[in-house]
>>> print(open('model17.csv').read())   # CSV, C-alpha atoms
chain,number,residue,atom,x,y,z
G,170,MET,CA,-44.0,21.0,-48.9
G,171,GLU,CA,-47.6,20.7,-49.9
G,172,ASP,CA,-48.3,17.2,-48.8
G,173,CYS,CA,-46.1,17.1,-45.6
G,174,ILE,CA,-48.3,16.5,-42.5
G,175,PHE,CA,-46.0,18.6,-40.3
G,176,CYS,CA,-46.0,21.5,-42.8
G,177,LYS,CA,-49.8,21.3,-42.7
G,178,ILE,CA,-49.8,21.5,-38.9
G,179,VAL,CA,-47.4,24.5,-39.2
G,180,ARG,CA,-49.9,26.2,-41.6
G,181,ASN,CA,-52.8,25.2,-39.3
G,182,GLU,CA,-54.4,23.3,-42.1
G,183,ILE,CA,-54.9,20.3,-39.8
G,184,PRO,CA,-55.5,20.6,-36.1
G,185,SER,CA,-52.9,20.0,-33.4
G,186,LYS,CA,-52.4,20.7,-29.8
G,187,LYS,CA,-49.7,23.4,-30.0
G,188,VAL,CA,-47.7,24.1,-26.8
G,189,TYR,CA,-45.1,26.5,-28.3
G,190,GLU,CA,-44.9,28.7,-31.3
G,191,ASP,CA,-42.7,31.4,-32.7
G,192,PRO,CA,-41.8,32.6,-36.2
G,193,ASP,CA,-39.3,29.8,-36.7
G,194,ALA,CA,-40.6,26.7,-35.0
G,195,VAL,CA,-43.5,25.0,-33.3
G,196,ALA,CA,-44.1,22.4,-30.6
G,197,PHE,CA,-47.3,20.3,-30.3
G,198,LEU,CA,-48.4,17.2,-28.5
G,199,ASP,CA,-47.6,13.9,-30.2
G,200,ILE,CA,-50.8,12.2,-31.5
G,201,ASN,CA,-49.3,8.9,-30.4
G,202,PRO,CA,-47.8,9.7,-27.0
G,203,ALA,CA,-45.5,7.5,-25.1
G,204,ASN,CA,-46.5,9.3,-22.0
G,205,PRO,CA,-48.7,12.3,-21.2
G,206,GLY,CA,-46.8,15.5,-22.3
G,207,HIS,CA,-44.9,13.8,-25.1
G,208,CYS,CA,-44.4,16.5,-27.6
G,209,LEU,CA,-42.7,17.2,-30.9
G,210,VAL,CA,-40.5,20.2,-31.7
G,211,VAL,CA,-40.7,21.0,-35.4
G,212,SER,CA,-39.0,23.6,-37.6
G,213,LYS,CA,-41.4,25.7,-39.6
G,214,ARG,CA,-39.2,25.2,-42.7
G,215,HIS,CA,-39.2,21.8,-44.3
G,216,TYR,CA,-36.1,19.7,-43.9
G,217,GLU,CA,-36.0,16.0,-44.1
G,218,SER,CA,-33.4,15.1,-41.4
G,219,ILE,CA,-30.5,16.3,-39.3
G,220,THR,CA,-28.1,16.0,-42.3
G,221,ASP,CA,-29.9,18.5,-44.4
G,222,VAL,CA,-31.3,20.9,-41.8
G,223,ASP,CA,-29.9,24.5,-41.7
G,224,ASP,CA,-27.6,25.0,-38.7
G,225,ALA,CA,-29.5,28.0,-37.5
G,226,ASP,CA,-32.9,26.2,-37.6
G,227,LEU,CA,-31.3,23.1,-35.9
G,228,LYS,CA,-29.9,25.3,-33.1
G,229,LYS,CA,-33.2,27.0,-32.7
G,230,MET,CA,-35.0,23.6,-32.4
G,231,ILE,CA,-32.7,22.3,-29.7
G,232,ALA,CA,-33.2,25.5,-27.7
G,233,ILE,CA,-37.0,24.9,-27.9
G,234,VAL,CA,-36.4,21.3,-26.9
G,235,LYS,CA,-34.8,22.6,-23.7
G,236,VAL,CA,-37.7,25.0,-23.1
G,237,MET,CA,-40.1,22.1,-23.4
G,238,ALA,CA,-38.0,19.8,-21.2
G,239,LYS,CA,-38.0,22.4,-18.5
G,240,ARG,CA,-41.8,22.9,-18.8
G,241,ILE,CA,-42.4,19.1,-18.7
G,242,LYS,CA,-40.2,18.7,-15.6
G,243,THR,CA,-41.8,21.6,-13.8
G,244,SER,CA,-45.4,21.1,-14.9
G,245,LEU,CA,-45.7,17.3,-15.1
G,246,ASN,CA,-43.2,16.3,-12.4
G,247,ALA,CA,-41.5,13.9,-14.8
G,248,ASP,CA,-38.6,11.9,-13.3
G,249,GLY,CA,-36.7,12.0,-16.6
G,250,ILE,CA,-36.8,13.1,-20.2
G,251,ASN,CA,-35.7,11.4,-23.4
G,252,VAL,CA,-34.9,13.6,-26.4
G,253,LEU,CA,-35.1,11.5,-29.5
G,254,GLN,CA,-34.6,12.5,-33.1
G,255,ASN,CA,-34.9,9.8,-35.8
G,256,ASN,CA,-33.5,10.0,-39.3
G,257,GLY,CA,-34.5,7.5,-41.9
G,258,ARG,CA,-36.9,4.6,-42.0
G,259,HIS,CA,-34.5,2.2,-40.4
G,260,ALA,CA,-34.2,4.6,-37.5
G,261,GLY,CA,-37.9,4.8,-37.0
G,262,GLN,CA,-38.6,8.1,-38.8
G,263,ILE,CA,-42.2,8.1,-40.0
G,264,VAL,CA,-42.8,11.7,-41.0
G,265,ASN,CA,-40.0,13.0,-43.3
G,266,HIS,CA,-39.9,16.4,-41.7
G,267,ILE,CA,-37.2,16.9,-39.1
G,268,HIS,CA,-38.5,16.7,-35.5
G,269,PHE,CA,-37.4,16.1,-32.0
G,270,HIS,CA,-39.4,14.0,-29.6
G,271,VAL,CA,-39.4,15.3,-26.1
G,272,ILE,CA,-40.6,12.3,-24.0
G,273,PRO,CA,-41.4,12.6,-20.3
G,274,ARG,CA,-40.3,9.5,-18.4
G,275,PHE,CA,-41.8,8.0,-15.2
G,276,PRO,CA,-40.8,4.9,-13.2
G,277,ASN,CA,-42.2,1.7,-14.8
G,278,ASP,CA,-43.6,3.4,-17.9
G,279,ASN,CA,-44.0,1.7,-21.3
G,280,VAL,CA,-41.0,3.2,-23.1
G,281,ILE,CA,-38.3,0.8,-24.1
G,282,ILE,CA,-35.0,2.1,-25.4
G,283,THR,CA,-32.4,-0.7,-25.5
G,284,TYR,CA,-29.7,-2.5,-27.5
G,285,GLN,CA,-27.2,-5.2,-27.0
G,286,LYS,CA,-23.6,-3.9,-27.1
G,287,VAL,CA,-22.0,-5.0,-30.4
G,288,ASN,CA,-18.4,-6.1,-30.8
G,289,VAL,CA,-16.5,-3.8,-33.1
G,290,PRO,CA,-13.2,-5.4,-34.0
G,291,ASN,CA,-11.9,-2.5,-36.1
G,292,LEU,CA,-12.3,0.4,-33.7
G,293,ASP,CA,-9.2,2.2,-35.0
G,294,GLU,CA,-10.5,2.1,-38.5
G,295,ILE,CA,-14.0,3.4,-37.4
G,296,GLN,CA,-12.2,6.1,-35.5
G,297,LYS,CA,-10.2,7.1,-38.5
G,298,LYS,CA,-13.2,7.1,-40.8
G,299,LEU,CA,-15.2,9.3,-38.5
G,300,SER,CA,-12.3,11.6,-37.7
G,301,SER,CA,-11.8,12.5,-41.3
G,302,THR,CA,-13.8,15.6,-42.2
G,303,GLY,CA,-14.8,14.4,-45.7
G,304,ALA,CA,-15.9,16.8,-48.4
G,305,SER,CA,-19.4,17.5,-47.0
G,306,SER,CA,-18.9,18.2,-43.4
G,307,GLY,CA,-17.5,21.7,-43.7
G,308,TYR,CA,-15.6,21.5,-40.4
G,309,GLU,CA,-12.1,20.6,-39.5
G,310,TRP,CA,-10.9,18.8,-36.5
G,311,GLY,CA,-9.9,21.4,-33.9
G,312,THR,CA,-11.7,24.4,-35.3
G,313,ARG,CA,-14.4,26.2,-33.4
G,314,ILE,CA,-17.9,25.9,-35.0
M,77,MET,CA,-16.2,17.9,-12.0
M,78,GLU,CA,-13.3,15.9,-10.5
M,79,ASP,CA,-14.9,12.5,-10.5
M,80,CYS,CA,-17.0,12.7,-13.7
M,81,ILE,CA,-15.9,10.1,-16.2
M,82,PHE,CA,-16.7,12.4,-19.2
M,83,CYS,CA,-14.8,15.3,-17.6
M,84,LYS,CA,-11.9,12.9,-17.3
M,85,ILE,CA,-12.1,11.9,-21.0
M,86,VAL,CA,-12.3,15.6,-21.9
M,87,ARG,CA,-9.1,16.2,-19.8
M,88,ASN,CA,-7.5,13.1,-21.4
M,89,GLU,CA,-7.1,11.5,-18.0
M,90,ILE,CA,-8.6,8.3,-19.2
M,91,PRO,CA,-8.3,7.0,-22.8
M,92,SER,CA,-11.1,7.3,-25.4
M,93,LYS,CA,-11.4,7.0,-29.2
M,94,LYS,CA,-12.0,10.7,-30.0
M,95,VAL,CA,-13.4,11.5,-33.4
M,96,TYR,CA,-14.0,15.2,-33.0
M,97,GLU,CA,-12.6,17.9,-30.8
M,98,ASP,CA,-12.7,21.7,-30.6
M,99,PRO,CA,-12.3,24.2,-27.7
M,100,ASP,CA,-15.9,23.6,-26.5
M,101,ALA,CA,-16.8,20.0,-27.2
M,102,VAL,CA,-15.6,16.6,-28.0
M,103,ALA,CA,-17.0,13.5,-29.7
M,104,PHE,CA,-15.7,9.9,-29.0
M,105,LEU,CA,-16.8,6.4,-29.8
M,106,ASP,CA,-19.2,4.9,-27.2
M,107,ILE,CA,-17.5,2.1,-25.2
M,108,ASN,CA,-20.8,0.1,-25.4
M,109,PRO,CA,-21.8,0.7,-29.0
M,110,ALA,CA,-25.2,-0.2,-30.3
M,111,ASN,CA,-23.6,-0.3,-33.8
M,112,PRO,CA,-20.2,0.4,-35.2
M,113,GLY,CA,-19.7,4.2,-35.2
M,114,HIS,CA,-22.0,4.9,-32.3
M,115,CYS,CA,-20.5,8.0,-30.7
M,116,LEU,CA,-21.2,10.5,-28.0
M,117,VAL,CA,-21.1,14.3,-28.3
M,118,VAL,CA,-20.1,15.9,-25.0
M,119,SER,CA,-19.7,19.5,-23.9
M,120,LYS,CA,-16.3,20.2,-22.4
M,121,ARG,CA,-18.0,22.1,-19.6
M,122,HIS,CA,-19.9,20.0,-17.0
M,123,TYR,CA,-23.7,20.1,-17.1
M,124,GLU,CA,-25.9,17.4,-15.8
M,125,SER,CA,-28.8,17.5,-18.3
M,126,ILE,CA,-30.7,19.4,-20.9
M,127,THR,CA,-32.5,21.5,-18.3
M,128,ASP,CA,-29.3,23.0,-16.8
M,129,VAL,CA,-27.0,23.2,-19.9
M,130,ASP,CA,-26.0,26.7,-21.1
M,131,ASP,CA,-27.9,27.5,-24.4
M,132,ALA,CA,-24.7,28.3,-26.3
M,133,ASP,CA,-23.1,25.0,-25.3
M,134,LEU,CA,-26.3,23.1,-26.2
M,135,LYS,CA,-26.5,24.7,-29.6
M,136,LYS,CA,-22.8,23.9,-30.1
M,137,MET,CA,-23.4,20.3,-29.2
M,138,ILE,CA,-26.3,19.8,-31.7
M,139,ALA,CA,-24.2,21.3,-34.5
M,140,ILE,CA,-21.5,18.7,-33.8
M,141,VAL,CA,-24.2,16.0,-33.7
M,142,LYS,CA,-25.0,17.1,-37.2
M,143,VAL,CA,-21.4,16.9,-38.2
M,144,MET,CA,-21.1,13.4,-36.8
M,145,ALA,CA,-24.4,12.3,-38.4
M,146,LYS,CA,-23.1,13.4,-41.8
M,147,ARG,CA,-19.8,11.7,-41.3
M,148,ILE,CA,-21.5,8.5,-40.2
M,149,LYS,CA,-23.8,8.6,-43.2
M,150,THR,CA,-21.0,9.2,-45.6
M,151,SER,CA,-18.2,7.0,-44.1
M,152,LEU,CA,-20.2,4.1,-42.8
M,153,ASN,CA,-23.1,4.0,-45.2
M,154,ALA,CA,-25.6,4.0,-42.4
M,155,ASP,CA,-29.3,3.6,-43.5
M,156,GLY,CA,-30.5,5.8,-40.7
M,157,ILE,CA,-29.4,7.6,-37.5
M,158,ASN,CA,-30.9,8.0,-34.1
M,159,VAL,CA,-30.0,11.0,-32.0
M,160,LEU,CA,-30.7,10.2,-28.4
M,161,GLN,CA,-30.2,12.4,-25.3
M,162,ASN,CA,-31.2,10.9,-22.0
M,163,ASN,CA,-31.9,12.9,-18.8
M,164,GLY,CA,-32.3,11.3,-15.5
M,165,ARG,CA,-32.1,7.7,-14.3
M,166,HIS,CA,-35.6,6.8,-15.4
M,167,ALA,CA,-34.7,8.0,-18.9
M,168,GLY,CA,-31.6,5.7,-19.0
M,169,GLN,CA,-29.0,8.4,-18.2
M,170,ILE,CA,-26.0,6.6,-16.7
M,171,VAL,CA,-23.3,9.3,-16.8
M,172,ASN,CA,-24.5,12.5,-15.3
M,173,HIS,CA,-22.8,14.8,-17.8
M,174,ILE,CA,-24.9,15.9,-20.7
M,175,HIS,CA,-24.3,13.9,-23.9
M,176,PHE,CA,-25.9,13.1,-27.2
M,177,HIS,CA,-25.8,9.6,-28.6
M,178,VAL,CA,-25.4,9.5,-32.3
M,179,ILE,CA,-26.4,6.0,-33.3
M,180,PRO,CA,-25.9,4.6,-36.9
M,181,ARG,CA,-28.8,2.4,-37.9
M,182,PHE,CA,-28.9,-0.6,-40.3
M,183,PRO,CA,-31.6,-3.0,-41.3
M,184,ASN,CA,-32.3,-5.7,-38.8
M,185,ASP,CA,-29.8,-4.3,-36.2
M,186,ASN,CA,-30.2,-4.8,-32.4
M,187,VAL,CA,-31.5,-1.4,-31.5
M,188,ILE,CA,-35.0,-1.3,-30.0
M,189,ILE,CA,-36.8,2.0,-29.5
M,190,THR,CA,-40.5,1.5,-28.9
M,191,TYR,CA,-43.5,2.3,-26.7
M,192,GLN,CA,-47.2,1.6,-26.6
M,193,LYS,CA,-49.3,4.6,-27.2
M,194,VAL,CA,-50.8,5.7,-23.9
M,195,ASN,CA,-54.3,7.1,-23.6
M,196,VAL,CA,-54.3,10.7,-22.3
M,197,PRO,CA,-57.8,11.7,-21.3
M,198,ASN,CA,-56.9,15.2,-20.3
M,199,LEU,CA,-55.2,16.5,-23.4
M,200,ASP,CA,-56.4,20.0,-23.0
M,201,GLU,CA,-55.1,20.2,-19.5
M,202,ILE,CA,-51.7,18.9,-20.6
M,203,GLN,CA,-51.7,21.4,-23.4
M,204,LYS,CA,-52.5,24.2,-21.0
M,205,LYS,CA,-49.8,23.2,-18.5
M,206,LEU,CA,-47.1,22.9,-21.2
M,207,SER,CA,-48.1,26.1,-23.0
M,208,SER,CA,-47.6,28.2,-19.9
M,209,THR,CA,-44.1,29.6,-19.7
M,210,GLY,CA,-43.6,29.2,-16.0
M,211,ALA,CA,-41.1,31.2,-14.1
M,212,SER,CA,-38.0,29.3,-15.2
M,213,SER,CA,-38.3,29.0,-18.9
M,214,GLY,CA,-37.3,32.5,-19.8
M,215,TYR,CA,-39.3,32.4,-23.1
M,216,GLU,CA,-42.8,33.6,-24.0
M,217,TRP,CA,-45.2,32.1,-26.4
M,218,GLY,CA,-44.7,33.7,-29.8
M,219,THR,CA,-41.4,35.4,-29.2
M,220,ARG,CA,-38.3,34.6,-31.2
M,221,ILE,CA,-35.5,32.9,-29.2
>>> encode(input="model17.csv", output="structure tokens")
Amino acid sequence: MEDCIFCKIVRNEIPSKKVYEDPDAVAFLDINPANPGHCLVVSKRHYESITDVDDADLKKMIAIVKVMAKRIKTSLNADGINVLQNNGRHAGQIVNHIHFHVIPRFPNDNVIITYQKVNVPNLDEIQKKLSSTGASSGYEWGTRI
Amino acid sequence: MEDCIFCKIVRNEIPSKKVYEDPDAVAFLDINPANPGHCLVVSKRHYESITDVDDADLKKMIAIVKVMAKRIKTSLNADGINVLQNNGRHAGQIVNHIHFHVIPRFPNDNVIITYQKVNVPNLDEIQKKLSSTGASSGYEWGTRI
């Protein structure tokens, strides 16, 4: 995508602090870090979100998330790590190119991830809706993917 | 793990609202949902976190996260989806069995994911630390994984 900021980073058209790169994906330091070492794992191919990403590229990305999590834990002595992947404006996605945040966590840091438990009166109905495969999922209950 | 609550759910020793199951993994509705349809994707094998999970099981889990995200979007008309995976107490991990939250998002819901940008004066040093492969990562810069 010509105007996508992450595609431009992939093509080295704008600078970034890369910490991992291979033929399929890249990781670089987030320009607005929640903590030192906060980085983004990005597929080199442009996808908008987790619902349209190719399975092979998605699996590749999560393997790199694991690599970065291990490096963060080892090199920065992080107490914890959040892996966060936002899809859509109402989920906080700002750049419409699929990416995983890998966020080092420390005691008393400034990251807030919270919600109030909601009451869901129709649990069985929700379960039924989400158990159905639907036309677009491509998977059946009980099959190995 | 005998006393792990998610292992007990996997073995059907305690009830859950399952929405996906195959030989390797399971997804079920979160008992403390942030929104209706909030579910957890769990490996059937016990791992504590993203740094010790087997790569094949991790890749399998993220493929199921994608399946659930598509079902949520299609069946519940969610405007967005957060994928969240917490590692360690300071990152908000409560059950020490690796899991992905798949959280449907709606306008003006009760989910808060936020942080203040921190100033990182030593960006080059952080970059250097995270670019080094270290003994445990098993991957080299520039190689395909």
>>> residues_around(input="model17.csv", residues="Lys84 in chain M", least_positions_apart="5", cutoff="12 Å", atoms="all atoms listed in the file", output="JSON, numbers by chain")
{"M": [77, 78, 79, 89, 90, 91, 92, 102, 118, 120, 121, 122, 171, 173]}
>>> write_last_selection(input="model17.csv", atoms="C-alpha atoms", output="compact mmCIF listing (two decimals), in the frame of the given file")
# COMPACT_ATOMS: atom_id res chain seq x y z
CA MET M 77 -16.20 17.90 -12.00
CA GLU M 78 -13.30 15.90 -10.50
CA ASP M 79 -14.90 12.50 -10.50
CA GLU M 89 -7.10 11.50 -18.00
CA ILE M 90 -8.60 8.30 -19.20
CA PRO M 91 -8.30 7.00 -22.80
CA SER M 92 -11.10 7.30 -25.40
CA VAL M 102 -15.60 16.60 -28.00
CA VAL M 118 -20.10 15.90 -25.00
CA LYS M 120 -16.30 20.20 -22.40
CA ARG M 121 -18.00 22.10 -19.60
CA HIS M 122 -19.90 20.00 -17.00
CA VAL M 171 -23.30 9.30 -16.80
CA HIS M 173 -22.80 14.80 -17.80
>>> atom_distance(input="model17.csv", atom1="CA of Gln254 in chain G", atom2="CA of Val159 in chain M")
5.0 Å
>>> atom_distance(input="model17.csv", atom1="CA of His270 in chain G", atom2="CA of Asn251 in chain G")
7.7 Å
>>> closest_residue(input="model17.csv", among="M:Ser207, M:Asn108, M:Asn153, M:Asn162", to="Val188 in chain G", atoms="all atoms listed in the file")
M:Ser207
>>> residues_around(input="model17.csv", residues="range 256-259 of chain G", least_positions_apart="6", cutoff="12 Å", atoms="only C-alpha atoms", output="ChimeraX atom specification")
/G:216-222,265-269 /M:142,145-146,149,154-160,178-189
>>> closest_residue(input="model17.csv", among="M:Pro197, M:Ile81, M:Ala101, M:Val143", to="chain G", atoms="only C-alpha atoms")
M:Val143
>>> closest_residue(input="model17.csv", among="M:Cys83, M:Ala167, M:Leu199, M:Ile140", to="chain G", atoms="all atoms listed in the file")
M:Ala167
>>> atom_distance(input="model17.csv", atom1="CA of Phe197 in chain G", atom2="CA of Lys229 in chain G")
15.8 Å
>>> closest_residue(input="model17.csv", among="M:Asp130, M:Asp98, M:Asp106, M:Asp200", to="chain G", atoms="all atoms listed in the file")
M:Asp98
>>> residues_around(input="model17.csv", residues="Val289 in chain G", least_positions_apart="2", cutoff="12 Å", atoms="only C-alpha atoms", output="list in words")
Lys286, Val287, Asn291, Leu292, Asp293, Glu294, Ile295 and Gln296 of chain G; Leu105, Asp106, Ile107, Asn108, Pro109, Ala110, Asn111, Pro112, Gly113 and His114 of chain M
>>> closest_residue(input="model17.csv", among="M:Lys204, M:Ser151, M:Asp131, M:Phe82", to="Val117 in chain M", atoms="only C-alpha atoms")
M:Phe82
>>> closest_residue(input="model17.csv", among="M:Met137, M:Ile170, M:Leu206, M:Ile85", to="chain G", atoms="all atoms listed in the file")
M:Leu206
>>> build_atoms(input="model17.csv", residues="range 84-97 of chain M", atoms="N, CA and C atoms", output="PDB file, in the frame of the given file")
ATOM      1  N   LYS M  84     -13.184  13.491 -17.193  1.00  0.00           N
ATOM      2  CA  LYS M  84     -11.900  12.900 -17.300  1.00  0.00           C
ATOM      3  C   LYS M  84     -11.465  12.575 -18.714  1.00  0.00           C
ATOM      4  N   ILE M  85     -12.428  12.163 -19.533  1.00  0.00           N
ATOM      5  CA  ILE M  85     -12.100  11.900 -21.000  1.00  0.00           C
ATOM      6  C   ILE M  85     -11.789  13.268 -21.624  1.00  0.00           C
ATOM      7  N   VAL M  86     -12.547  14.314 -21.311  1.00  0.00           N
ATOM      8  CA  VAL M  86     -12.300  15.600 -21.900  1.00  0.00           C
ATOM      9  C   VAL M  86     -10.819  16.052 -21.526  1.00  0.00           C
ATOM     10  N   ARG M  87     -10.403  15.782 -20.284  1.00  0.00           N
ATOM     11  CA  ARG M  87      -9.100  16.200 -19.800  1.00  0.00           C
ATOM     12  C   ARG M  87      -7.982  15.152 -20.230  1.00  0.00           C
ATOM     13  N   ASN M  88      -8.381  14.120 -20.985  1.00  0.00           N
ATOM     14  CA  ASN M  88      -7.500  13.100 -21.400  1.00  0.00           C
ATOM     15  C   ASN M  88      -6.840  12.309 -20.231  1.00  0.00           C
ATOM     16  N   GLU M  89      -7.559  12.237 -19.125  1.00  0.00           N
ATOM     17  CA  GLU M  89      -7.100  11.500 -18.000  1.00  0.00           C
ATOM     18  C   GLU M  89      -7.385  10.014 -18.083  1.00  0.00           C
ATOM     19  N   ILE M  90      -8.395   9.694 -18.889  1.00  0.00           N
ATOM     20  CA  ILE M  90      -8.600   8.300 -19.200  1.00  0.00           C
ATOM     21  C   ILE M  90      -8.780   8.220 -20.746  1.00  0.00           C
ATOM     22  N   PRO M  91      -8.395   7.083 -21.327  1.00  0.00           N
ATOM     23  CA  PRO M  91      -8.300   7.000 -22.800  1.00  0.00           C
ATOM     24  C   PRO M  91      -9.743   6.959 -23.420  1.00  0.00           C
ATOM     25  N   SER M  92      -9.825   7.449 -24.633  1.00  0.00           N
ATOM     26  CA  SER M  92     -11.100   7.300 -25.400  1.00  0.00           C
ATOM     27  C   SER M  92     -10.682   7.392 -26.887  1.00  0.00           C
ATOM     28  N   LYS M  93     -11.603   6.968 -27.727  1.00  0.00           N
ATOM     29  CA  LYS M  93     -11.400   7.000 -29.200  1.00  0.00           C
ATOM     30  C   LYS M  93     -12.091   8.309 -29.670  1.00  0.00           C
ATOM     31  N   LYS M  94     -11.385   9.421 -29.631  1.00  0.00           N
ATOM     32  CA  LYS M  94     -12.000  10.700 -30.000  1.00  0.00           C
ATOM     33  C   LYS M  94     -12.108  10.776 -31.550  1.00  0.00           C
ATOM     34  N   VAL M  95     -13.196  11.351 -32.005  1.00  0.00           N
ATOM     35  CA  VAL M  95     -13.400  11.500 -33.400  1.00  0.00           C
ATOM     36  C   VAL M  95     -13.678  12.973 -33.806  1.00  0.00           C
ATOM     37  N   TYR M  96     -13.808  13.809 -32.813  1.00  0.00           N
ATOM     38  CA  TYR M  96     -14.000  15.200 -33.000  1.00  0.00           C
ATOM     39  C   TYR M  96     -13.550  15.970 -31.783  1.00  0.00           C
ATOM     40  N   GLU M  97     -12.886  17.095 -31.955  1.00  0.00           N
ATOM     41  CA  GLU M  97     -12.600  17.900 -30.800  1.00  0.00           C
ATOM     42  C   GLU M  97     -12.372  19.354 -31.206  1.00  0.00           C
TER      43      GLU M  97
END
